[in-house]
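Colleague: Take a look at the following structure, please.
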Amino acid sequence: MPFDRSQPYNDLPLLPPTVELESKAVLKQAIAANRALANLRGLAAQIPNQGVLINSIVLQEARLSSEIENIVTTNDELYRADADADADGKTDPHTKEVLRYRQALNFGFGQLKQRPLATNLFIDIVRTIKQVDFGVRKVPGVALRNAAKEVVYTPPVGEAVIREKLANLEQFIHAQDDLDPLVKMAVLHYQFEAIHPFEDGNGRTGRIVNLLYLVEQGLLDIPVLFLSRYILAHKSGYYQGLRGVTEQ
């Protein structure tokens with residue numbers, strides 16, 4: 001039977017996947033990516049004032065990660081609002097939401113010193129982004145649609161089901177296995193987006209989790225990888241890739 005996009009995917013398989021993850025081609029890419037991350041980590045360590053680097057890169061990551069979700073602002077509006085703490089009443093809602101994304105990323109980065117990546121931290125991150133008292137989804141009716149308003153994916157429903165899959169995701173993240181961390185990050189990113197645990201803000205929360213995972217694994221010291229620029233430039237392929245894992 002073909003995959004039914006209109007039905008909740010409560011049968012989303014638990015982790016780890018049963019298929020081979022580290023094929024020769026995947027490992028070849030992972031080696032190159034690990035080398036690039038090591039270079040980035042070394043260059044970042046040479047910056048005298050890392051706070052300036054974090055602030056500027058994270059602000060751009062926040063802008064483009066939000067733009068993936070069609071929350072669009074300009075650099076001028078963003079830097080003006082960032083520089084003027086008293087401009088809140090004049091700042092448009094999209095710019096405010098981008099600034100909250102940066103706040104959420106910085107919050108998560110600070111929290112890693114006190115607690116691991118887990119469901120409660122995910123909830124605190126999405127609450128910071130949305131400024132709403134979000135929790136794990138309790139009601140059905142959430143479906144992802146394309147530009148033509150066609151349903152392309154319906155995530156699992158039922159709080160107990162979602163929490164079970166999040167608990168399994170936590171176990172996978174912290175399992176002592178031999179998987180390359182970047183391969184593991186790809187898997188956990190797919191799984192988080194497939195679980196789609198919140199009513200809104202899942203994409204942005206998932207991309208923050210990617211950066212925090214790299215820091216938690218010691219591949220970066222500070223969250224300065226500009227992932228969303230690439231995703232935005234290859235947006236169609238990014239969503240096709242996520243959907244392809246589900247359906248194939």
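Chain labels run A, B, ... following the order of the structure tokens; each chain numbers its residues from 1, and ligands are numbered from 1 in the order shown.
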With the cut-off set at 10 Å and counting only C-alpha atoms, tabulate each residue of region 94-182 of chain A with an atom at most that distance from an atom of region 58-67 of chain A, showing the nearest atom pair and its distance in Å to one decimal, ordered by chain and increasing number, as JSON lines.
Modeller:
{"residue": "A:His94", "atom": "CA", "partner": "A:Ser66", "partner_atom": "CA", "distance": 8.6}
{"residue": "A:Thr95", "atom": "CA", "partner": "A:Arg63", "partner_atom": "CA", "distance": 8.3}
{"residue": "A:Glu97", "atom": "CA", "partner": "A:Ser66", "partner_atom": "CA", "distance": 8.0}
{"residue": "A:Val98", "atom": "CA", "partner": "A:Ala62", "partner_atom": "CA", "distance": 5.6}
{"residue": "A:Leu99", "atom": "CA", "partner": "A:Ala62", "partner_atom": "CA", "distance": 7.1}
{"residue": "A:Arg100", "atom": "CA", "partner": "A:Ala62", "partner_atom": "CA", "distance": 8.4}
{"residue": "A:Tyr101", "atom": "CA", "partner": "A:Ala62", "partner_atom": "CA", "distance": 5.5}
{"residue": "A:Arg102", "atom": "CA", "partner": "A:Ala62", "partner_atom": "CA", "distance": 5.5}
{"residue": "A:Gln103", "atom": "CA", "partner": "A:Ala62", "partner_atom": "CA", "distance": 9.1}
{"residue": "A:Ala104", "atom": "CA", "partner": "A:Ala62", "partner_atom": "CA", "distance": 9.5}
{"residue": "A:Leu105", "atom": "CA", "partner": "A:Val58", "partner_atom": "CA", "distance": 7.8}
{"residue": "A:Asn106", "atom": "CA", "partner": "A:Val58", "partner_atom": "CA", "distance": 8.4}
Colleague: Using only C-alpha atoms, can you tell me which of A:Val209, A:Leu242, A:Ile123, A:Leu112 comes closest to Pro197 (chain A)?
Modeller: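 Of the candidates, the smallest distance to Pro197 (chain A) is held by A:Ile123.
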Colleague: Please, which residues in region 6-57 of chain A fall within 9 Å of region 157-171 of chain A when counting only C-alpha atoms, and what is the closest atom pair and distance in Å to one decimal for each, ordered by chain then residue number, as a tab-separated table?
Modeller:
residue	atom	partner	partner_atom	distance
A:Pro8	CA	A:Val157	CA	6.2
A:Tyr9	CA	A:Val157	CA	7.8
A:Asn10	CA	A:Val157	CA	6.6
A:Leu12	CA	A:Lys165	CA	8.3
A:Pro13	CA	A:Lys165	CA	8.7
A:Leu14	CA	A:Asn168	CA	6.6
A:Leu15	CA	A:Asn168	CA	6.6
A:Pro16	CA	A:Leu169	CA	8.8
Colleague: Could you write out the selected residues, including C-alpha atoms, as a PDB file, in the first residue's frame?
Modeller:
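And here is the file that came out, again-v3.pdb:
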ATOM      1  CA  PRO A   8      -1.624  10.457  11.115  1.00  0.00           C
ATOM      2  CA  TYR A   9       1.728   8.666  11.012  1.00  0.00           C
ATOM      3  CA  ASN A  10       1.368   6.965  14.387  1.00  0.00           C
ATOM      4  CA  LEU A  12       6.477   6.254  12.648  1.00  0.00           C
ATOM      5  CA  PRO A  13       9.225   3.690  13.417  1.00  0.00           C
ATOM      6  CA  LEU A  14      11.197   4.090  16.609  1.00  0.00           C
ATOM      7  CA  LEU A  15      14.958   4.652  16.576  1.00  0.00           C
ATOM      8  CA  PRO A  16      17.495   3.387  15.776  1.00  0.00           C
TER       9      PRO A  16
END
Colleague: Excluding same-chain residues fewer than 4 positions from Ile222 (chain A), what lies within 8 Å of it counting only C-alpha atoms, as a PDB file with N, CA and C atoms, in the first residue's frame?
Modeller:
ATOM      1  N   ILE A  54      29.223  35.348  17.699  1.00  0.00           N
ATOM      2  CA  ILE A  54      27.985  34.630  18.020  1.00  0.00           C
ATOM      3  C   ILE A  54      26.774  35.495  17.692  1.00  0.00           C
ATOM      4  N   PHE A 109      21.715  27.156  24.180  1.00  0.00           N
ATOM      5  CA  PHE A 109      23.172  27.031  24.303  1.00  0.00           C
ATOM      6  C   PHE A 109      23.587  27.150  25.771  1.00  0.00           C
ATOM      7  N   VAL A 215      27.157  21.192  19.376  1.00  0.00           N
ATOM      8  CA  VAL A 215      27.887  21.695  20.546  1.00  0.00           C
ATOM      9  C   VAL A 215      27.982  20.600  21.611  1.00  0.00           C
TER      10      VAL A 215
END
Colleague: Out of A:Lys130, A:Arg35, A:Leu225, A:Gln7, which residue has the shortest atom-to-atom distance to Pro156 (chain A) when counting only C-alpha atoms?
Modeller: A:Gln7
